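See below for the structure under consideration.
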Amino acid sequence: MKKFYSALFVISILLSSCLRDEYELDDNINATISPEIAVPFIKATIIAEDILTAADSNMLRADENKLLEFVYSDTVYSFMLSEFIDIPDKNVNYDFKLDPLYIDDVDSKIDAITLDTMVHRVGAPYSVLFNAVDGSCDNTFPPFSNQNAGGIALEIADAPFSKATFSDGVLKVNIENKWPTELTNIELELVRVSDNVPVDTLRYVSIPAYTTLADSIIMEGETIESNMVANFISISSPGTSTDVCVDGKDSLIVTMSGYDFVVVSGTAVFPSQEVLNDVIDIEIDLGNGEEFEMLKLKSGTLTIDLNYEIKEAAKLYIELPFATKLGSSFIDSVLVSAGPSTVNESFDLSGYEFDLTKGGAGFNTVQSVVKAVVVSSGLEVDFDTSNVVSANITMENLVPESIDGYFGTPILTMDDETQEFDLEASDLFSNMSFVNPTVSLKFHNTFGIPIEISSLNLKMENGNESETLNSTSVIPFDILGADVSNPSLAVTSELLLDDNTNIADLINLWPNEVTTGLSGQINPNGKTHNFASENSKLDVTLDLTVPIFGQISELSIKQYIAIDSSMSEMFNNVLKASLRTNVDNGFPLEAEINFYLADSDTLILDSLKASDGNQVLVNAGTVNEDGNVVTRGISQADLIVDEADVALFQDGAAFIVVNAVMNTANSGSDVKIYSDYDMLIKMGLLANLKIELNSDKED
């Protein structure tokens, strides 16, 4: 962009030759002359593309039409799955009691009372009558009146309990009369040995000789022991009218058996058996009308806290029939020692996929099945079905890997958030007023969730100045959900803020802070299928595009033109000089140009003033109604190079600094800046030379 021309040496030779041809000088004459020369000095070009360098910003670029524009993009929000779906810990408190125990049937237990024993208990005077006929077949059996004949022991030696209270079952009692006489008015009372408490009384009107009668006791609410007594609190006989054989060893036999026993408490041998089988539903409901169908967990824990009062060990099974991993449903177990005891167990749910519909029967539900099996020790233990087992089942720290269904219609809120708005190049553009800036909020959505934005807050600030967006023309706004056929592909919805809003007022602050916030509703059009995964995101980006089109003030562009040795040599014989400057301006901006001399560190040493003592003023190119340059501006000025400047050119100055400060012309028209706009600067050197003529020197 810069071309330098030096012809001083050539012109000096030509000039001295001309003088030599015209005048014959005495060899002894010494003289000094000061001729004047004019030569091209600098040719430089400033183009609008230099603004890109001056801005030192990767945000400034030229568009496809070469119009310079400022662009900025930043992510102002990023939402993950946990911010849409935050599943709280789910807890179910569950108390259960033992189901009644089913114990084995009681085999027949037999005891008997002989005639001798009965007669002995009845005593005189009947014993005298009986003894008279005992052992004879030629006498009638003597009658005896109603008697309390005492009891016989009924020990259930192999009973699975020593004492038990029943909710169901039957105790069957048979009386076989092997005496040779009919028995009447029989009342048989069953009594517990330990506390002498009667259980029930069986009554028989008549039991003929050599026959058996049966009766039963319904065991609901009854408590019996393995050791019982059958008391004949009433028994009589009318005797016989014919002769019979009388033998004191003949027996009255009592047989006791039992079946269908269901025990609710007592002391017994617990048979191994299932005592609990319950279904517990855990609701995954966030209160927004959700209908979740599938949930796959990245992590999570199922915790069981158990207070166990049963005095026999048990095994507790936990099953989640609709939770599968690698094709198998969740099932695990906990061994519970004989109570009272406590259990705390945790199970890892990571990687399990839950069918929250329970196979199509609903939604939002994790179904669990709790089973308990008493593991028999083979020993008698105290038990009571009123003993409580308290279970606290908790699903906690649930982090979804994926989830689908209908997510309801909750309100989505992105709280106002203020952040630094580093637009770079602020010094360069802060004095500009832009006509057509645009801002777009882009919503990059990989959630399968449509959202309607109902309110938007966008505020920009610079120091004490601030502007707030009037969004009434663009709100409400719909954010599209991702496509289930390609869930990893973000669907972008763009909310454009252009000249239909007051966005220019915000941008023309050239802000250093921006505040954003919004709220909306998911699924605004009602029930639809939603989906999300741990990788789903809703990224909100703020994209800014500002074409350099508008009013511009104090746009400064500097050029550093190196002073090489050939340029320095041009000033070796210069007394004083001026630099004639011609400027051909293709910018739609008027300019003030200052020229300086600077050292190798670009430190300013001196300024080169125009002959009128001012900066070089350059007219703007004229523009048409679209802001495009149609006629270039032309200006000319002479810069004074005094003796001090000549000395700097000779030694000390390393650069000529051209500083162009441009502004919109007084017409006030909005202008556009294209990257190929240029300003051509040409300088010519007009110098007075000092030449010494010495007759002693041959030349």
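Just remember, in the structure tokens the first chain shown is A, the second B, etc., residues are 1-based per chain, and ligands are 1-based in the order shown.
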
Skip segment 404-411 of chain A itself and residues of its chain fewer than 6 positions away, then list as an mmCIF file with C-alpha atoms, in the first residue's frame all residues within 8 Å of it, counting only C-alpha atoms.
```cif
data_model
loop_
_atom_site.group_PDB
_atom_site.id
_atom_site.type_symbol
_atom_site.label_atom_id
_atom_site.label_comp_id
_atom_site.auth_asym_id
_atom_site.auth_seq_id
_atom_site.Cartn_x
_atom_site.Cartn_y
_atom_site.Cartn_z
ATOM 1 C CA ASN A 288 -47.480 -30.674 36.653
ATOM 2 C CA GLY A 289 -49.800 -33.135 34.964
ATOM 3 C CA GLU A 290 -46.962 -35.375 33.784
ATOM 4 C CA GLU A 291 -47.597 -38.788 32.317
ATOM 5 C CA PHE A 292 -44.151 -40.368 32.274
ATOM 6 C CA GLU A 293 -43.971 -43.668 30.453
ATOM 7 C CA MET A 294 -40.317 -44.682 30.452
ATOM 8 C CA LEU A 295 -37.433 -43.808 32.746
ATOM 9 C CA SER A 519 -40.168 -17.463 31.062
ATOM 10 C CA GLY A 520 -42.494 -19.731 29.190
ATOM 11 C CA GLN A 521 -44.529 -22.903 29.248
ATOM 12 C CA ILE A 522 -43.639 -26.305 27.918
ATOM 13 C CA ASN A 523 -46.177 -28.170 25.791
ATOM 14 C CA PRO A 524 -48.245 -25.028 25.141
ATOM 15 C CA GLY A 526 -51.452 -29.646 25.038
ATOM 16 C CA LYS A 527 -50.588 -33.300 25.348
ATOM 17 C CA THR A 528 -47.854 -34.612 23.084
ATOM 18 C CA HIS A 529 -45.063 -37.160 23.291
ATOM 19 C CA ASN A 530 -41.924 -35.739 24.926
ATOM 20 C CA PHE A 531 -38.474 -37.208 25.344
ATOM 21 C CA ALA A 532 -35.143 -36.240 26.811
#
```

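Proximity ranking of A:Asp415, A:Ile453, A:Leu398, A:Ser556 relative to Ser82 of chain A places A:Leu398 first, based on only C-alpha atoms.
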
For atom CA of Asn196 of chain A and atom CA of Gly266 of chain A, determine how far apart the two atoms are, in Å to one decimal place. 17.0 Å

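Across the structure, atom CA of Asp626 of chain A and atom CA of Asn502 of chain A are spaced 21.9 Å apart.
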
Near-Val229 of chain A list (9 Å; only C-alpha atoms; drop same-chain fewer than 6 positions) as a compact mmCIF listing (two decimals) with C-alpha atoms, in the first residue's frame:
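Heads up, here's the output in part20.txt:
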```txt
# COMPACT_ATOMS: atom_id res chain seq x y z
CA GLY A 151 -60.26 -85.94 83.99
CA ILE A 152 -57.94 -87.76 81.70
CA ALA A 153 -54.75 -86.31 80.27
CA LEU A 154 -54.69 -85.38 76.56
CA GLU A 155 -51.06 -84.77 75.71
CA GLU A 189 -64.65 -80.10 79.52
CA LEU A 190 -61.27 -79.45 77.75
CA VAL A 191 -58.98 -77.57 80.11
CA ARG A 192 -55.48 -76.06 79.60
CA VAL A 193 -53.03 -77.52 82.08
CA ASN A 196 -56.65 -74.54 84.33
```

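Across A:Ala230, A:Val641, A:Ala482, A:Val336, the tightest approach to Val173 of chain A is made by A:Ala230 when counting only C-alpha atoms.
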
Restricting the calculation to only C-alpha atoms: of A:Ala313, A:Ile156, A:Ile218, A:Val244, which residue gets closest to Ser257 of chain A?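 With only C-alpha atoms as the atom set, the closest residue is A:Ile156.
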
Figure out the distance between atom CA of Lys43 of chain A and atom CA of Gln615 of chain A, please, to one decimal in Å.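 So the answer is 18.8 Å.
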
Can you list every residue in segment 87-325 of chain A that DSSP puts in strand (DSSP E), as a VMD selection string? chain A and resid 90 to 97 101 to 102 106 to 114 139 to 140 144 to 147 150 to 155 161 to 177 183 to 192 198 to 207 211 to 218 223 to 225 227 to 237 243 to 244 251 to 269 273 to 283 291 to 308 314 to 325

Take the residues just selected and output them with C-alpha atoms as a compact mmCIF listing (two decimals), in the first residue's frame.
```txt
# COMPACT_ATOMS: atom_id res chain seq x y z
CA LYS A 90 -39.57 -40.99 46.69
CA ASN A 91 -40.46 -42.61 49.99
CA VAL A 92 -43.10 -45.14 51.00
CA ASN A 93 -43.66 -46.09 54.63
CA TYR A 94 -45.18 -49.49 54.86
CA ASP A 95 -46.24 -51.43 57.96
CA PHE A 96 -47.28 -55.02 57.75
CA LYS A 97 -48.11 -57.79 60.17
CA LEU A 101 -49.48 -69.25 60.40
CA TYR A 102 -50.74 -72.44 58.88
CA VAL A 106 -52.64 -82.79 64.67
CA ASP A 107 -52.74 -86.53 64.44
CA SER A 108 -55.14 -88.46 66.67
CA LYS A 109 -54.19 -88.43 70.33
CA ILE A 110 -55.84 -91.13 72.51
CA ASP A 111 -56.38 -91.52 76.22
CA ALA A 112 -58.80 -93.69 78.19
CA ILE A 113 -60.47 -94.14 81.56
CA THR A 114 -61.25 -97.66 82.82
CA ASN A 139 -75.53 -109.79 86.56
CA THR A 140 -76.91 -106.55 85.35
CA PHE A 144 -75.11 -94.64 88.80
CA SER A 145 -76.35 -91.13 89.08
CA ASN A 146 -74.78 -88.05 87.56
CA GLN A 147 -71.17 -87.79 88.69
CA GLY A 150 -62.53 -86.26 86.95
CA GLY A 151 -60.26 -85.94 83.99
CA ILE A 152 -57.94 -87.76 81.70
CA ALA A 153 -54.75 -86.31 80.27
CA LEU A 154 -54.69 -85.38 76.56
CA GLU A 155 -51.06 -84.77 75.71
CA PHE A 161 -46.92 -75.77 69.26
CA SER A 162 -46.89 -75.75 73.03
CA LYS A 163 -49.52 -73.05 73.15
CA ALA A 164 -51.43 -71.41 70.37
CA THR A 165 -54.31 -69.08 69.72
CA PHE A 166 -56.21 -69.87 66.56
CA SER A 167 -58.11 -67.88 64.00
CA ASP A 168 -59.30 -70.99 62.28
CA GLY A 169 -59.27 -74.78 62.55
CA VAL A 170 -61.20 -77.63 64.02
CA LEU A 171 -60.42 -79.73 67.10
CA LYS A 172 -62.25 -83.03 66.79
CA VAL A 173 -63.08 -85.16 69.88
CA ASN A 174 -64.34 -88.76 69.64
CA ILE A 175 -65.64 -90.76 72.65
CA GLU A 176 -65.72 -94.52 72.24
CA ASN A 177 -67.79 -96.28 74.89
CA LEU A 183 -73.67 -93.55 79.23
CA THR A 184 -75.87 -90.50 79.53
CA ASN A 185 -75.66 -86.77 80.31
CA ILE A 186 -72.00 -86.63 79.40
CA GLU A 187 -70.23 -83.27 79.64
CA LEU A 188 -66.55 -83.28 78.69
CA GLU A 189 -64.65 -80.10 79.52
CA LEU A 190 -61.27 -79.45 77.75
CA VAL A 191 -58.98 -77.57 80.11
CA ARG A 192 -55.48 -76.06 79.60
CA PRO A 198 -61.51 -74.31 80.16
CA VAL A 199 -61.39 -74.17 76.38
CA ASP A 200 -64.77 -75.70 75.59
CA THR A 201 -67.28 -78.23 76.91
CA LEU A 202 -68.64 -81.05 74.77
CA ARG A 203 -72.06 -82.53 75.64
CA TYR A 204 -73.39 -85.93 74.69
CA VAL A 205 -76.92 -86.97 75.65
CA SER A 206 -76.28 -90.68 75.28
CA ILE A 207 -73.54 -92.95 74.14
CA THR A 211 -70.50 -97.21 70.20
CA THR A 212 -68.55 -94.02 69.32
CA LEU A 213 -69.80 -90.47 69.12
CA ALA A 214 -67.86 -87.47 67.71
CA ASP A 215 -68.03 -83.75 68.31
CA SER A 216 -65.90 -80.77 67.23
CA ILE A 217 -64.61 -77.51 68.64
CA ILE A 218 -64.29 -74.58 66.21
CA THR A 223 -56.18 -70.97 72.78
CA ILE A 224 -55.00 -74.49 73.50
CA GLU A 225 -51.83 -76.14 74.66
CA ASN A 227 -50.94 -80.55 77.21
CA MET A 228 -54.70 -80.59 77.85
CA VAL A 229 -57.05 -82.32 80.29
CA ALA A 230 -60.48 -83.73 79.42
CA ASN A 231 -62.64 -83.47 82.55
CA PHE A 232 -65.84 -85.53 82.79
CA ILE A 233 -67.72 -82.96 84.79
CA SER A 234 -70.91 -84.90 84.24
CA ILE A 235 -71.52 -88.55 83.45
CA SER A 236 -74.25 -91.07 84.45
CA SER A 237 -75.58 -94.45 83.47
CA ASP A 243 -77.18 -109.55 82.41
CA VAL A 244 -73.89 -108.36 80.92
CA SER A 251 -62.24 -98.38 78.89
CA LEU A 252 -63.94 -95.22 77.91
CA ILE A 253 -61.60 -93.94 75.13
CA VAL A 254 -61.21 -90.23 74.25
CA THR A 255 -59.47 -89.42 70.92
CA MET A 256 -58.51 -85.85 70.00
CA SER A 257 -57.26 -84.68 66.57
CA GLY A 258 -57.08 -81.37 64.69
CA TYR A 259 -56.90 -80.01 61.18
CA ASP A 260 -56.89 -76.73 59.21
CA PHE A 261 -55.18 -74.95 62.08
CA VAL A 262 -54.40 -71.27 61.51
CA VAL A 263 -52.46 -69.77 64.38
CA VAL A 264 -52.41 -66.06 65.19
CA SER A 265 -50.21 -66.15 68.27
CA GLY A 266 -48.56 -68.46 70.69
CA THR A 267 -45.47 -70.52 71.09
CA ALA A 268 -44.89 -72.78 68.19
CA VAL A 269 -42.50 -74.08 65.62
CA GLN A 273 -43.71 -70.19 54.72
CA GLU A 274 -44.51 -66.97 52.85
CA VAL A 275 -46.04 -64.51 55.25
CA LEU A 276 -46.13 -61.41 53.04
CA ASN A 277 -46.75 -60.75 49.39
CA ASP A 278 -47.77 -57.16 48.74
CA VAL A 279 -47.59 -54.78 45.77
CA ILE A 280 -46.45 -51.22 46.50
CA ASP A 281 -46.71 -48.47 43.90
CA ILE A 282 -44.24 -45.59 44.09
CA GLU A 283 -45.48 -42.52 42.22
CA GLU A 291 -47.60 -38.79 32.32
CA PHE A 292 -44.15 -40.37 32.27
CA GLU A 293 -43.97 -43.67 30.45
CA MET A 294 -40.32 -44.68 30.45
CA LEU A 295 -37.43 -43.81 32.75
CA LYS A 296 -33.88 -45.05 32.40
CA LEU A 297 -31.64 -44.21 35.32
CA LYS A 298 -28.07 -43.09 35.01
CA SER A 299 -27.82 -43.53 38.76
CA GLY A 300 -30.10 -44.08 41.70
CA THR A 301 -30.53 -46.11 44.86
CA LEU A 302 -33.30 -48.21 46.37
CA THR A 303 -32.98 -48.19 50.16
CA ILE A 304 -34.91 -50.34 52.60
CA ASP A 305 -35.05 -49.62 56.32
CA LEU A 306 -36.75 -52.39 58.27
CA ASN A 307 -37.84 -52.71 61.91
CA TYR A 308 -38.58 -56.36 62.47
CA ALA A 314 -37.01 -64.26 57.56
CA LYS A 315 -35.94 -63.50 54.04
CA LEU A 316 -37.29 -60.34 52.48
CA TYR A 317 -37.53 -60.21 48.68
CA ILE A 318 -37.77 -56.94 46.75
CA GLU A 319 -38.86 -57.13 43.14
CA LEU A 320 -39.38 -54.37 40.57
CA PRO A 321 -41.18 -56.34 37.88
CA PHE A 322 -41.22 -53.47 35.35
CA ALA A 323 -37.58 -52.46 35.85
CA THR A 324 -35.18 -54.26 33.53
CA LYS A 325 -31.46 -54.26 32.90
```

Find, counting only C-alpha atoms, the residue in A:Lys537, A:Arg580, A:Lys249, A:His444 that gets nearest to Met80 of chain A.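 Once distances to Met80 of chain A are computed over only C-alpha atoms, the minimum belongs to A:Lys537.
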
Could you find all residues in segment 72-300 of chain A that DSSP calls helix (DSSP H, G or I) from the backbone, and write them as a compact mmCIF listing (two decimals) with N, CA and C atoms, in the first residue's frame?
```txt
# COMPACT_ATOMS: atom_id res chain seq x y z
N LEU A 81 -30.83 -31.79 31.40
CA LEU A 81 -32.03 -32.56 31.74
C LEU A 81 -32.44 -32.35 33.19
N SER A 82 -31.45 -32.25 34.08
CA SER A 82 -31.78 -32.12 35.50
C SER A 82 -32.55 -30.84 35.80
N GLU A 83 -32.40 -29.82 34.93
CA GLU A 83 -33.11 -28.57 35.16
C GLU A 83 -34.54 -28.61 34.63
N PHE A 84 -34.81 -29.56 33.74
CA PHE A 84 -36.18 -29.77 33.28
C PHE A 84 -36.89 -30.81 34.16
N LEU A 115 -63.20 -98.69 83.81
CA LEU A 115 -64.31 -98.80 84.74
C LEU A 115 -63.80 -98.78 86.18
N ASP A 116 -62.69 -99.47 86.39
CA ASP A 116 -62.14 -99.48 87.75
C ASP A 116 -61.85 -98.07 88.22
N THR A 117 -61.24 -97.26 87.35
CA THR A 117 -60.88 -95.89 87.72
C THR A 117 -62.14 -95.07 87.97
N MET A 118 -63.12 -95.27 87.08
CA MET A 118 -64.36 -94.51 87.23
C MET A 118 -65.04 -94.86 88.55
N VAL A 119 -65.14 -96.17 88.88
CA VAL A 119 -65.81 -96.62 90.11
C VAL A 119 -65.08 -96.09 91.32
N HIS A 120 -63.75 -96.10 91.22
CA HIS A 120 -62.97 -95.61 92.35
C HIS A 120 -63.25 -94.13 92.59
N ARG A 121 -63.42 -93.38 91.50
CA ARG A 121 -63.66 -91.95 91.64
C ARG A 121 -65.08 -91.70 92.17
N VAL A 122 -66.04 -92.55 91.74
CA VAL A 122 -67.42 -92.37 92.21
C VAL A 122 -67.52 -92.73 93.70
N TYR A 126 -71.68 -96.78 95.42
CA TYR A 126 -71.72 -97.41 94.10
C TYR A 126 -70.59 -98.41 93.96
N SER A 127 -69.45 -98.10 94.53
CA SER A 127 -68.31 -99.01 94.38
C SER A 127 -68.63 -100.40 94.94
N VAL A 128 -69.46 -100.47 96.01
CA VAL A 128 -69.84 -101.75 96.60
C VAL A 128 -70.67 -102.55 95.61
N LEU A 129 -71.62 -101.86 94.97
CA LEU A 129 -72.47 -102.54 93.99
C LEU A 129 -71.65 -103.05 92.81
N PHE A 130 -70.72 -102.21 92.33
CA PHE A 130 -69.93 -102.58 91.15
C PHE A 130 -69.00 -103.74 91.46
N ASN A 131 -68.37 -103.67 92.61
CA ASN A 131 -67.43 -104.73 92.95
C ASN A 131 -68.15 -106.09 93.07
N ALA A 132 -69.46 -106.06 93.42
CA ALA A 132 -70.22 -107.30 93.56
C ALA A 132 -70.44 -108.00 92.23
N VAL A 133 -70.43 -107.24 91.16
CA VAL A 133 -70.71 -107.85 89.85
C VAL A 133 -69.47 -107.91 88.99
```

As an MDAnalysis selection string, please: the residues near Gly463 of chain A (cut-off 10 Å, only C-alpha atoms, same-chain neighbours under 2 positions excluded). chainID A and resid 461 465:466 509 511:513

Could the residues in this selection be saved with C-alpha atoms as an mmCIF file, in the first residue's frame?
```cif
data_model
loop_
_atom_site.group_PDB
_atom_site.id
_atom_site.type_symbol
_atom_site.label_atom_id
_atom_site.label_comp_id
_atom_site.auth_asym_id
_atom_site.auth_seq_id
_atom_site.Cartn_x
_atom_site.Cartn_y
_atom_site.Cartn_z
ATOM 1 C CA GLU A 461 -25.926 -1.267 29.917
ATOM 2 C CA GLU A 465 -26.748 4.280 30.634
ATOM 3 C CA SER A 466 -29.121 1.397 29.989
ATOM 4 C CA LEU A 509 -24.972 2.051 23.777
ATOM 5 C CA PRO A 511 -22.875 -2.065 25.998
ATOM 6 C CA ASN A 512 -20.450 -3.787 28.315
ATOM 7 C CA GLU A 513 -23.115 -5.682 30.267
#
```

Write out as an mmCIF file with N, CA and C atoms, in the first residue's frame each polymer residue whose atoms come within 7 Å of Glu534 of chain A, counting only C-alpha atoms; drop sequence neighbours fewer than 4 positions from it.
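Written output follows (result.cif):
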```cif
data_model
loop_
_atom_site.group_PDB
_atom_site.id
_atom_site.type_symbol
_atom_site.label_atom_id
_atom_site.label_comp_id
_atom_site.auth_asym_id
_atom_site.auth_seq_id
_atom_site.Cartn_x
_atom_site.Cartn_y
_atom_site.Cartn_z
ATOM 1 N N LEU A 81 -30.833 -31.787 31.400
ATOM 2 C CA LEU A 81 -32.026 -32.559 31.739
ATOM 3 C C LEU A 81 -32.437 -32.350 33.193
ATOM 4 N N PRO A 400 -31.832 -39.242 35.845
ATOM 5 C CA PRO A 400 -32.270 -39.913 34.624
ATOM 6 C C PRO A 400 -31.168 -39.941 33.556
ATOM 7 N N GLU A 401 -31.096 -41.047 32.872
ATOM 8 C CA GLU A 401 -30.308 -41.111 31.639
ATOM 9 C C GLU A 401 -31.196 -40.769 30.451
ATOM 10 N N SER A 402 -32.437 -41.166 30.549
ATOM 11 C CA SER A 402 -33.423 -40.781 29.541
ATOM 12 C C SER A 402 -34.804 -40.944 30.147
#
```

As a VMD selection string, please: the residues near segment 571-575 of chain A (cut-off 6 Å, only C-alpha atoms, same-chain neighbours under 3 positions excluded). chain A and resid 568 650 688 to 690

Same residues, N, CA and C atoms, saved as a PDB file, in the first residue's frame:
```pdb
ATOM      1  N   SER A 568      16.172   8.768   3.911  1.00  0.00           N
ATOM      2  CA  SER A 568      17.033   9.601   4.762  1.00  0.00           C
ATOM      3  C   SER A 568      18.083  10.335   3.939  1.00  0.00           C
ATOM      4  N   GLN A 650      16.945  12.815   8.680  1.00  0.00           N
ATOM      5  CA  GLN A 650      18.308  12.337   8.474  1.00  0.00           C
ATOM      6  C   GLN A 650      18.689  11.287   9.513  1.00  0.00           C
ATOM      7  N   ASN A 688      14.813  22.831  -0.840  1.00  0.00           N
ATOM      8  CA  ASN A 688      15.952  23.697  -1.156  1.00  0.00           C
ATOM      9  C   ASN A 688      17.215  22.947  -0.785  1.00  0.00           C
ATOM     10  N   LEU A 689      18.113  22.775  -1.791  1.00  0.00           N
ATOM     11  CA  LEU A 689      19.346  22.034  -1.581  1.00  0.00           C
ATOM     12  C   LEU A 689      20.494  22.981  -1.290  1.00  0.00           C
ATOM     13  N   LYS A 690      21.385  22.562  -0.476  1.00  0.00           N
ATOM     14  CA  LYS A 690      22.619  23.299  -0.193  1.00  0.00           C
ATOM     15  C   LYS A 690      23.757  22.570  -0.889  1.00  0.00           C
TER      16      LYS A 690
END
```
